[in-house]
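For reference, structure_12.pdb (PDB, C-alpha atoms and all ligand atoms):
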MODEL        1
ATOM      1  CA  MET A   1     -24.302 -19.561  16.851
ATOM      2  CA  THR A   2     -20.822 -18.060  16.564
ATOM      3  CA  THR A   3     -20.415 -14.733  18.400
ATOM      4  CA  THR A   4     -17.568 -13.301  16.337
ATOM      5  CA  ILE A   5     -17.649  -9.873  18.017
ATOM      6  CA  LEU A   6     -17.199 -11.288  21.514
ATOM      7  CA  LYS A   7     -14.320 -13.442  20.335
ATOM      8  CA  ALA A   8     -12.648 -10.714  18.270
ATOM      9  CA  PRO A   9      -9.087  -9.965  19.344
ATOM     10  CA  VAL A  10      -7.901  -6.427  20.102
ATOM     11  CA  CYS A  11      -4.779  -4.921  18.582
ATOM     12  CA  LYS A  12      -3.057  -2.129  20.504
ATOM     13  CA  MET A  13      -0.857   0.145  18.434
ATOM     14  CA  GLN A  14       2.704   0.154  19.756
ATOM     15  CA  ASN A  15       4.434   2.920  17.810
ATOM     16  CA  LEU A  16       3.312   5.144  15.000
ATOM     17  CA  ASP A  17       5.999   3.847  12.653
ATOM     18  CA  ASN A  18       3.930   4.083   9.497
ATOM     19  CA  LEU A  19       1.805   7.047   8.511
ATOM     20  CA  PHE A  20      -0.409   6.277   5.538
ATOM     21  CA  ILE A  21      -1.808   9.246   3.651
ATOM     22  CA  GLU A  22      -4.805   8.480   1.514
ATOM     23  CA  MET A  23      -4.222  10.965  -1.288
ATOM     24  CA  THR A  24      -7.571  10.103  -2.853
ATOM     25  CA  ALA A  25     -10.157   7.508  -1.957
ATOM     26  CA  LYS A  26     -11.868   7.251  -5.307
ATOM     27  CA  ASN A  27      -9.478   8.155  -8.112
ATOM     28  CA  CYS A  28      -7.756   5.335  -9.943
ATOM     29  CA  ASN A  29      -7.383   4.604 -13.631
ATOM     30  CA  GLN A  30      -7.762   0.846 -13.061
ATOM     31  CA  ARG A  31     -10.513  -1.426 -11.741
ATOM     32  CA  CYS A  32      -8.909  -4.552 -10.278
ATOM     33  CA  LYS A  33     -11.154  -7.436  -9.287
ATOM     34  CA  HIS A  34      -9.572  -7.842  -5.868
ATOM     35  CA  CYS A  35      -9.599  -4.108  -5.041
ATOM     36  CA  TYR A  36     -11.210  -3.287  -1.690
ATOM     37  CA  ILE A  37     -12.342   0.180  -2.874
ATOM     38  CA  ASP A  38     -15.965   0.780  -3.840
ATOM     39  CA  PHE A  39     -15.562   3.058  -6.831
ATOM     40  CA  PRO A  40     -18.295   5.552  -7.761
ATOM     41  CA  ILE A  41     -20.029   5.165 -11.108
ATOM     42  CA  THR A  42     -18.859   8.594 -12.228
ATOM     43  CA  LYS A  43     -15.116   8.962 -12.723
ATOM     44  CA  ASN A  44     -15.069  12.684 -12.030
ATOM     45  CA  VAL A  45     -14.737  12.687  -8.214
ATOM     46  CA  LYS A  46     -12.552  15.418  -6.752
ATOM     47  CA  ASP A  47     -11.743  13.928  -3.380
ATOM     48  CA  PHE A  48      -8.031  14.741  -3.203
ATOM     49  CA  ILE A  49      -6.670  15.336   0.289
ATOM     50  CA  PRO A  50      -5.992  19.056   0.844
ATOM     51  CA  MET A  51      -2.377  20.077   1.382
ATOM     52  CA  GLU A  52      -3.279  21.721   4.760
ATOM     53  CA  PHE A  53      -4.447  18.326   6.114
ATOM     54  CA  VAL A  54      -1.062  16.832   5.334
ATOM     55  CA  GLN A  55       0.778  19.804   6.848
ATOM     56  CA  LYS A  56      -1.300  19.566  10.050
ATOM     57  CA  ALA A  57      -0.778  15.797  10.343
ATOM     58  CA  LEU A  58       2.991  16.227   9.991
ATOM     59  CA  LYS A  59       2.943  18.927  12.675
ATOM     60  CA  ASP A  60       0.719  16.890  15.040
ATOM     61  CA  THR A  61       2.977  13.850  14.713
ATOM     62  CA  SER A  62       6.221  15.747  15.120
ATOM     63  CA  ASP A  63       6.949  13.945  18.419
ATOM     64  CA  ASN A  64       6.734  10.543  16.741
ATOM     65  CA  ILE A  65       9.647   8.904  15.013
ATOM     66  CA  ILE A  66       7.815   7.932  11.858
ATOM     67  CA  LYS A  67       9.863   5.471   9.827
ATOM     68  CA  CYS A  68       7.917   5.816   6.635
ATOM     69  CA  ILE A  69       5.091   7.857   5.150
ATOM     70  CA  TYR A  70       3.065   5.963   2.583
ATOM     71  CA  LEU A  71       1.345   7.874  -0.201
ATOM     72  CA  THR A  72      -1.583   5.674  -1.120
ATOM     73  CA  GLY A  73      -4.944   5.811  -2.794
ATOM     74  CA  ALA A  74      -6.757   4.512  -4.749
ATOM     75  CA  GLU A  75      -3.949   5.783  -7.078
ATOM     76  CA  PRO A  76      -1.859   8.462  -5.268
ATOM     77  CA  MET A  77      -0.227   9.815  -8.400
ATOM     78  CA  THR A  78      -3.592  11.137  -9.645
ATOM     79  CA  HIS A  79      -3.382  13.849  -6.946
ATOM     80  CA  PRO A  80      -2.813  17.252  -8.645
ATOM     81  CA  ASP A  81      -0.367  18.284  -5.867
ATOM     82  CA  PHE A  82       1.403  14.947  -5.735
ATOM     83  CA  ASN A  83       4.895  16.428  -6.223
ATOM     84  CA  LYS A  84       4.437  19.072  -3.519
ATOM     85  CA  ILE A  85       3.119  16.549  -0.985
ATOM     86  CA  LEU A  86       5.924  14.154  -1.826
ATOM     87  CA  ARG A  87       8.550  16.840  -1.127
ATOM     88  CA  LEU A  88       6.804  17.882   2.093
ATOM     89  CA  CYS A  89       6.771  14.320   3.430
ATOM     90  CA  LEU A  90      10.273  13.552   2.238
ATOM     91  CA  ALA A  91      11.551  16.458   4.316
ATOM     92  CA  LYS A  92      10.340  14.512   7.388
ATOM     93  CA  THR A  93      11.162  10.867   6.643
ATOM     94  CA  ASN A  94      11.259   8.130   3.999
ATOM     95  CA  VAL A  95       8.309   8.081   1.625
ATOM     96  CA  CYS A  96       6.818   5.013   0.049
ATOM     97  CA  ILE A  97       4.668   5.471  -3.041
ATOM     98  CA  ALA A  98       2.138   2.658  -3.428
ATOM     99  CA  THR A  99       1.186   2.854  -7.072
ATOM    100  CA  ASN A 100      -0.109   0.840  -9.983
ATOM    101  CA  GLY A 101       2.834   2.256 -11.954
ATOM    102  CA  THR A 102       0.864   3.698 -14.843
ATOM    103  CA  PHE A 103       2.057   7.263 -14.221
ATOM    104  CA  ILE A 104       5.741   6.351 -14.183
ATOM    105  CA  ASN A 105       7.482   7.016 -17.453
ATOM    106  CA  GLU A 106      11.093   7.914 -18.189
ATOM    107  CA  LYS A 107      10.560  11.608 -17.457
ATOM    108  CA  LYS A 108       8.795  10.945 -14.147
ATOM    109  CA  ALA A 109      11.440   8.451 -13.010
ATOM    110  CA  ARG A 110      14.181  11.001 -13.804
ATOM    111  CA  PHE A 111      12.299  13.670 -11.877
ATOM    112  CA  LEU A 112      11.798  11.378  -8.857
ATOM    113  CA  ARG A 113      15.514  10.574  -8.833
ATOM    114  CA  LYS A 114      16.252  14.311  -8.690
ATOM    115  CA  VAL A 115      13.756  14.792  -5.836
ATOM    116  CA  GLU A 116      15.326  11.971  -3.823
ATOM    117  CA  ASP A 117      18.850  13.229  -4.482
ATOM    118  CA  GLU A 118      17.860  16.618  -3.061
ATOM    119  CA  SER A 119      16.620  14.968   0.152
ATOM    120  CA  ASN A 120      18.231  13.132   3.089
ATOM    121  CA  ASN A 121      15.536  10.466   2.930
ATOM    122  CA  GLU A 122      14.558   7.759   0.496
ATOM    123  CA  ILE A 123      11.739   7.306  -1.968
ATOM    124  CA  ILE A 124      10.516   3.721  -2.042
ATOM    125  CA  PHE A 125       8.055   2.255  -4.520
ATOM    126  CA  ILE A 126       5.558  -0.528  -4.122
ATOM    127  CA  LEU A 127       4.128  -1.648  -7.431
ATOM    128  CA  SER A 128       1.296  -4.138  -7.706
ATOM    129  CA  LEU A 129       1.172  -7.269  -9.811
ATOM    130  CA  ALA A 130      -1.403 -10.049  -9.675
ATOM    131  CA  HIS A 131       0.525 -12.748 -11.533
ATOM    132  CA  TYR A 132       3.730 -13.398 -13.462
ATOM    133  CA  GLU A 133       1.774 -14.343 -16.607
ATOM    134  CA  GLU A 134       0.489 -11.344 -18.516
ATOM    135  CA  ASN A 135      -2.960 -12.751 -19.298
ATOM    136  CA  LYS A 136      -3.555 -13.918 -15.714
ATOM    137  CA  ASN A 137      -2.420 -10.548 -14.373
ATOM    138  CA  ASP A 138      -4.551  -8.552 -16.785
ATOM    139  CA  ASN A 139      -7.532 -10.780 -16.088
ATOM    140  CA  ILE A 140      -7.453  -9.612 -12.454
ATOM    141  CA  ARG A 141      -6.226  -6.093 -12.956
ATOM    142  CA  SER A 142      -6.908  -4.401 -16.277
ATOM    143  CA  ARG A 143      -5.895  -4.955 -19.855
ATOM    144  CA  GLY A 144      -2.372  -3.666 -20.470
ATOM    145  CA  SER A 145      -1.596  -3.259 -16.773
ATOM    146  CA  TYR A 146       1.103  -5.953 -16.813
ATOM    147  CA  ARG A 147       3.097  -4.138 -19.492
ATOM    148  CA  GLN A 148       2.625  -0.826 -17.726
ATOM    149  CA  VAL A 149       4.111  -2.220 -14.513
ATOM    150  CA  ILE A 150       7.035  -3.752 -16.397
ATOM    151  CA  HIS A 151       7.713  -0.405 -18.118
ATOM    152  CA  ALA A 152       7.525   1.418 -14.784
ATOM    153  CA  ILE A 153      10.022  -1.014 -13.222
ATOM    154  CA  LYS A 154      12.418  -0.553 -16.146
ATOM    155  CA  HIS A 155      12.295   3.243 -15.786
ATOM    156  CA  LEU A 156      12.677   3.161 -12.004
ATOM    157  CA  THR A 157      15.601   0.751 -12.024
ATOM    158  CA  LYS A 158      17.289   2.806 -14.739
ATOM    159  CA  TYR A 159      17.291   5.709 -12.259
ATOM    160  CA  GLY A 160      18.594   3.621  -9.379
ATOM    161  CA  PHE A 161      15.375   2.713  -7.540
ATOM    162  CA  ASN A 162      14.714  -0.834  -6.313
ATOM    163  CA  PRO A 163      10.931  -1.147  -6.325
ATOM    164  CA  PHE A 164       9.059  -3.574  -4.101
ATOM    165  CA  LEU A 165       6.472  -5.757  -5.772
ATOM    166  CA  SER A 166       3.236  -6.478  -3.971
ATOM    167  CA  ILE A 167       1.535  -9.626  -5.243
ATOM    168  CA  MET A 168      -1.980 -10.541  -4.162
ATOM    169  CA  ASN A 169      -2.030 -14.330  -4.513
ATOM    170  CA  TYR A 170      -5.440 -14.335  -6.134
ATOM    171  CA  TYR A 171      -4.822 -17.699  -7.844
ATOM    172  CA  ASN A 172      -3.665 -19.303  -4.592
ATOM    173  CA  GLU A 173      -0.380 -20.566  -6.033
ATOM    174  CA  PRO A 174       2.498 -21.946  -3.951
ATOM    175  CA  THR A 175       4.618 -19.031  -2.738
ATOM    176  CA  GLU A 176       7.842 -20.548  -4.022
ATOM    177  CA  ILE A 177       6.520 -20.826  -7.586
ATOM    178  CA  LEU A 178       5.264 -17.250  -7.513
ATOM    179  CA  ASN A 179       8.541 -15.992  -6.079
ATOM    180  CA  ASN A 180      10.739 -17.837  -8.566
ATOM    181  CA  ASN A 181       8.722 -16.814 -11.603
ATOM    182  CA  ILE A 182       8.522 -13.170 -10.571
ATOM    183  CA  LYS A 183      12.264 -13.176  -9.910
ATOM    184  CA  ASP A 184      12.939 -14.674 -13.374
ATOM    185  CA  ILE A 185      10.829 -12.016 -15.057
ATOM    186  CA  MET A 186      12.565  -9.238 -13.178
ATOM    187  CA  ASN A 187      15.961 -10.682 -14.062
ATOM    188  CA  ASN A 188      14.903 -10.822 -17.722
ATOM    189  CA  ILE A 189      14.246  -7.085 -17.714
ATOM    190  CA  GLY A 190      17.555  -6.392 -15.977
ATOM    191  CA  TYR A 191      16.282  -5.951 -12.419
ATOM    192  CA  ASP A 192      18.217  -8.121  -9.991
ATOM    193  CA  ILE A 193      15.457  -8.023  -7.409
ATOM    194  CA  ASN A 194      16.161  -8.888  -3.786
ATOM    195  CA  LYS A 195      13.815 -11.735  -2.794
ATOM    196  CA  ASN A 196      12.704  -9.649   0.203
ATOM    197  CA  CYS A 197      11.357  -7.026  -2.174
ATOM    198  CA  ILE A 198       8.714  -9.461  -3.406
ATOM    199  CA  GLN A 199       5.785  -9.313  -1.004
ATOM    200  CA  ILE A 200       3.197 -12.005  -1.547
ATOM    201  CA  ASN A 201      -0.113 -11.477   0.190
ATOM    202  CA  GLU A 202      -2.439 -14.404   0.641
ATOM    203  CA  TYR A 203      -5.858 -13.677  -0.760
ATOM    204  CA  HIS A 204      -8.834 -14.176   1.485
ATOM    205  CA  ASP A 205     -12.372 -13.898   0.217
ATOM    206  CA  LYS A 206     -13.774 -11.427   2.722
ATOM    207  CA  SER A 207     -17.245 -12.960   2.459
ATOM    208  CA  VAL A 208     -15.906 -16.138   4.097
ATOM    209  CA  ILE A 209     -15.798 -15.977   7.909
ATOM    210  CA  PRO A 210     -13.204 -18.358   9.371
ATOM    211  CA  ASP A 211     -14.522 -20.706  12.042
ATOM    212  CA  THR A 212     -11.476 -20.413  14.298
ATOM    213  CA  THR A 213     -10.343 -17.573  16.527
ATOM    214  CA  PRO A 214      -6.853 -16.392  15.567
ATOM    215  CA  ASP A 215      -3.943 -16.580  17.964
ATOM    216  CA  THR A 216      -3.593 -12.965  19.107
ATOM    217  CA  LYS A 217       0.064 -13.420  20.015
ATOM    218  CA  ASN A 218       0.929 -13.777  16.331
ATOM    219  CA  ILE A 219      -0.983 -10.768  15.086
ATOM    220  CA  ASN A 220       1.279  -8.580  12.986
ATOM    221  CA  CYS A 221      -1.088  -6.383  11.058
ATOM    222  CA  ASP A 222      -0.875  -2.814   9.783
ATOM    223  CA  CYS A 223      -2.957  -1.401  12.650
ATOM    224  CA  LYS A 224      -0.241  -2.524  15.085
ATOM    225  CA  ASN A 225       2.187   0.223  14.082
ATOM    226  CA  GLY A 226       0.387   2.541  11.710
ATOM    227  CA  ARG A 227      -2.558   4.839  11.130
ATOM    228  CA  VAL A 228      -4.177   6.308   8.030
ATOM    229  CA  LEU A 229      -4.825   9.986   7.423
ATOM    230  CA  THR A 230      -7.805  10.618   5.151
ATOM    231  CA  THR A 231      -9.849  13.685   4.332
ATOM    232  CA  ASN A 232     -12.407  12.398   6.874
ATOM    233  CA  GLY A 233     -10.055  11.765   9.787
ATOM    234  CA  ILE A 234      -7.768   9.070  11.182
ATOM    235  CA  TYR A 235      -8.393   5.351  10.566
ATOM    236  CA  SER A 236      -6.792   2.144  11.743
ATOM    237  CA  CYS A 237      -5.724   0.812   8.353
ATOM    238  CA  LEU A 238      -6.237   1.181   4.627
ATOM    239  CA  PHE A 239      -8.814  -1.601   4.514
ATOM    240  CA  LEU A 240     -10.959   0.405   6.931
ATOM    241  CA  ALA A 241     -10.173   3.934   5.744
ATOM    242  CA  ASN A 242     -13.406   5.975   5.786
ATOM    243  CA  ASP A 243     -15.243   3.026   7.386
ATOM    244  CA  TYR A 244     -16.799   3.762  10.805
ATOM    245  CA  ARG A 245     -15.402   0.441  12.099
ATOM    246  CA  GLY A 246     -11.850   1.704  11.583
ATOM    247  CA  ARG A 247     -12.321   5.267  12.800
ATOM    248  CA  CYS A 248      -9.751   6.361  15.400
ATOM    249  CA  GLY A 249     -10.384  10.109  15.651
ATOM    250  CA  SER A 250     -10.539  13.336  13.714
ATOM    251  CA  ASP A 251      -6.843  14.241  13.868
ATOM    252  CA  PHE A 252      -3.513  13.181  15.333
ATOM    253  CA  THR A 253      -3.847  15.312  18.464
ATOM    254  CA  ASP A 254      -6.172  12.715  20.002
ATOM    255  CA  TYR A 255      -6.799   9.343  18.401
ATOM    256  CA  SER A 256      -7.451   5.771  19.440
ATOM    257  CA  LYS A 257      -4.554   3.338  19.699
ATOM    258  CA  LYS A 258      -6.811   0.287  19.970
ATOM    259  CA  THR A 259      -8.537  -1.651  17.202
ATOM    260  CA  ILE A 260     -11.017  -4.491  17.540
ATOM    261  CA  LEU A 261     -10.268  -6.994  14.800
ATOM    262  CA  GLU A 262     -13.884  -7.704  13.998
ATOM    263  CA  THR A 263     -14.271  -7.051  10.294
ATOM    264  CA  PRO A 264     -14.032  -9.546   7.420
ATOM    265  CA  TYR A 265     -10.983  -7.585   6.174
ATOM    266  CA  CYS A 266      -9.166  -8.570   9.359
ATOM    267  CA  ASN A 267      -9.296 -12.178   8.157
ATOM    268  CA  THR A 268      -7.046 -11.225   5.244
ATOM    269  CA  CYS A 269      -4.535  -9.675   7.649
ATOM    270  CA  LEU A 270      -4.709 -12.562  10.073
ATOM    271  CA  LYS A 271      -4.138 -15.032   7.256
ATOM    272  CA  ASN A 272      -0.883 -13.276   6.395
ATOM    273  CA  SER A 273       1.966 -13.588   8.850
ATOM    274  CA  ARG A 274       3.030  -9.975   8.249
ATOM    275  CA  GLN A 275       1.565  -6.641   7.311
ATOM    276  CA  VAL A 276      -0.342  -6.321   4.035
ATOM    277  CA  PHE A 277       0.409  -2.643   3.342
ATOM    278  CA  GLY A 278       3.501  -1.785   5.388
ATOM    279  CA  ILE A 279       6.925  -2.869   4.241
ATOM    280  CA  ASN A 280       9.905  -4.001   6.225
ATOM    281  CA  LEU A 281      12.505  -1.324   5.594
ATOM    282  CA  SER A 282      15.258  -3.556   6.912
ATOM    283  CA  ASN A 283      14.806  -5.570   3.701
ATOM    284  CA  PHE A 284      16.807  -2.873   1.954
ATOM    285  CA  THR A 285      19.886  -3.805   3.840
ATOM    286  CA  ASP A 286      19.522  -7.615   3.603
TER     287      ASP A 286
HETATM  288  S1  LIG B   1      -4.711  -0.174  -9.059
HETATM  289 FE1  LIG B   1      -4.985  -0.374  -6.849
HETATM  290  S2  LIG B   1      -6.478   1.234  -6.297
HETATM  291 FE2  LIG B   1      -6.588   0.941  -8.512
HETATM  292  S3  LIG B   1      -8.251  -0.545  -8.807
HETATM  293 FE3  LIG B   1      -6.324  -1.710  -8.731
HETATM  294  S4  LIG B   1      -6.055  -2.330  -6.573
HETATM  295 FE4  LIG B   1      -7.614  -0.689  -6.665
HETATM  296  S1  LIG B   2      -8.164  -5.033   8.538
HETATM  297 FE1  LIG B   2      -6.120  -5.670   9.253
HETATM  298  S2  LIG B   2      -5.005  -3.801   9.717
HETATM  299 FE2  LIG B   2      -7.199  -3.316   9.568
HETATM  300  S3  LIG B   2      -7.993  -3.419  11.670
HETATM  301 FE3  LIG B   2      -8.291  -5.441  10.734
HETATM  302  S4  LIG B   2      -6.441  -6.596  11.256
HETATM  303 FE4  LIG B   2      -5.970  -4.438  11.611
ENDMDL
END
For this file, produce the structure as structure tokens.
Amino acid sequence: MTTTILKAPVCKMQNLDNLFIEMTAKNCNQRCKHCYIDFPITKNVKDFIPMEFVQKALKDTSDNIIKCIYLTGAEPMTHPDFNKILRLCLAKTNVCIATNGTFINEKKARFLRKVEDESNNEIIFILSLAHYEENKNDNIRSRGSYRQVIHAIKHLTKYGFNPFLSIMNYYNEPTEILNNNIKDIMNNIGYDINKNCIQINEYHDKSVIPDTTPDTKNINCDCKNGRVLTTNGIYSCLFLANDYRGRCGSDFTDYSKKTILETPYCNTCLKNSRQVFGINLSNFTD
């Protein structure tokens, strides 16, 4: 019998480069097939992170040189105080908004440009797509989501943003084909996307346990240089936010820097040669 727990590698966090803030765990206007969130049956869940939690986390991490704060969800832009939290975080460092793009229209893009211009830091966007063909994308995500992302990209680029695209390779296509087709589509809508801004994540069915132990030297997962702030405390990564297996502590004054890579989600990370949620900011300058 395979003893996966005994063989599980350990990841020790090196620096707190990335601070993920889970703005809401359960509010999103989409229901993607590959989503790792267990959504409640009722849509009316008020689980938005309180502003004081964000303020305290920023204070507790003031000794860290955080490279980027990620506003995530479910869908972060559903938070009623989204604009205030964005400004608060932007005063400290760069902010990356990981969004499905549905809340970004012309007016919002113009507003976000103004907010960034008033700051010394940058606003970065990660938008999600499942495929370069509309029907294949909408089959995984939700009907109309492809067009919504395209509209969001058009608005953001009009106001000088260069959004990242995060692609979950649900159809297991060769990376080069995915990359080239996504690039063509972006070029067609007037976005000359840098190839480094297309992040393809290999899909791994989390019900399948691999029969080999990964090489720990090559681990480059999100828990290596980041932690997640949620309403319930600090967690190792977004996959394990609010999951006891990812719990690191109740606040940033005292939290665990070690993670045992023992969950099925870890197989998705280990299959990818880089982080699934964090982005490489140096890509901006390539
Ligand atoms: S948009 Fe994101 S949070 Fe919402 S269902 Fe899809 S993957 Fe999940
Ligand atoms: S799911 Fe990924 S980021 Fe989270 S603990 Fe496992 S390896 Fe680390």
Protein and nucleic residues near ligand LIG 2 (chain B), 9 Å, all atoms listed in the file, as an MDAnalysis selection string: chainID A and resid 10:11 219:224 226 235:241 245:246 259:270 275:277
For the PyMOL selection byres (((chain A and resi 84-94) around 7) and not hetatm), applied here, can you spell out every residue it catches as a VMD selection string? chain A and resid 51 66 to 69 81 to 83 95 to 96 119 121 to 123
Write as a PDB file with C-alpha atoms, keeping the file's coordinate frame the residues around ligand LIG 1 (chain B), taking 6 Å as the cut-off and counting all atoms listed in the file.
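In the end it all went to selection12.pdb:
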ATOM      1  CA  CYS A  28      -7.756   5.335  -9.943  1.00  0.00           C
ATOM      2  CA  GLN A  30      -7.762   0.846 -13.061  1.00  0.00           C
ATOM      3  CA  ARG A  31     -10.513  -1.426 -11.741  1.00  0.00           C
ATOM      4  CA  CYS A  32      -8.909  -4.552 -10.278  1.00  0.00           C
ATOM      5  CA  CYS A  35      -9.599  -4.108  -5.041  1.00  0.00           C
ATOM      6  CA  GLY A  73      -4.944   5.811  -2.794  1.00  0.00           C
ATOM      7  CA  ALA A  74      -6.757   4.512  -4.749  1.00  0.00           C
ATOM      8  CA  GLU A  75      -3.949   5.783  -7.078  1.00  0.00           C
ATOM      9  CA  ASN A 100      -0.109   0.840  -9.983  1.00  0.00           C
TER      10      ASN A 100
END
For a test of reading the model, state the distance in Å between CA of Tyr203 in chain A and CA of Glu173 in chain A, rounded to one decimal.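 If I compute the distance from CA of Tyr203 in chain A to CA of Glu173 in chain A, I get 10.3 Å.
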If you take every atom of range 238-251 of chain A that the file lists and fit an axis-aligned box around them with 4 Å extra on each side, what centre and edge lengths come out in Å to one decimal, as JSON?
{"center_x": -11.5, "center_y": 6.3, "center_z": 10.1, "size_x": 18.6, "size_y": 23.8, "size_z": 19.1}
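CA of Asp38 in chain A lies 26.1 Å from CA of Tyr132 in chain A.
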Starting from the PyMOL selection byres (((chain A and resi 108) around 12) and not hetatm), expand the selection into actual residues of this file and give them as a list in words.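 Checked against the file, the PyMOL selection byres (((chain A and resi 108) around 12) and not hetatm) matches Met77, Phe82, Asn83, Gly101, Thr102, Phe103, Ile104, Asn105, Glu106, Lys107, Ala109, Arg110, Phe111, Leu112, Arg113, Lys114, Val115, Ala152, His155, Leu156, Lys158 and Tyr159 of chain A.
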Option closest in space to Ser166 in chain A, from A:Leu178, A:Ile279, A:Ile21, A:Ile200 [counting all atoms listed in the file]: A:Ile200
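Interatomic distance, CA of Leu58 in chain A to CA of Asp251 in chain A: 10.8 Å.
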Give me the residues near Ser145 in chain A as a PyMOL selection string, where near means some atom within 12 Å (using all atoms listed in the file) and where sequence neighbours in that chain fewer than 3 positions away do not count. chain A and resi 29-32+99-103+127-142+148-152
How would you write as a PyMOL selection string the residues that get within 7 Å of (8.3, 7.0, 19.8) in the file's frame, counting only C-alpha atoms? chain A and resi 15+64-65
For the residues in the current selection, export C-alpha atoms as a PDB file, in the frame of the given file.
ATOM      1  CA  ASN A  15       4.434   2.920  17.810  1.00  0.00           C
ATOM      2  CA  ASN A  64       6.734  10.543  16.741  1.00  0.00           C
ATOM      3  CA  ILE A  65       9.647   8.904  15.013  1.00  0.00           C
TER       4      ILE A  65
END
List the residues selected by the PyMOL selection byres (((chain A and resi 191) around 12) and not hetatm) in the file shown, writing them as a PyMOL selection string. chain A and resi 150-165+182-190+192-195+197
Among listed residues A:Phe252, A:Phe125, A:Lys257, A:Thr78, nearest Thr61 in chain A (using all atoms listed in the file):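 Of all the options, A:Phe252 lies closest to Thr61 in chain A.
Among the candidates A:Pro9, A:Tyr255, A:Thr175, A:Leu229, the residue lying nearest to Gln55 in chain A is A:Leu229 (atoms considered: all atoms listed in the file).
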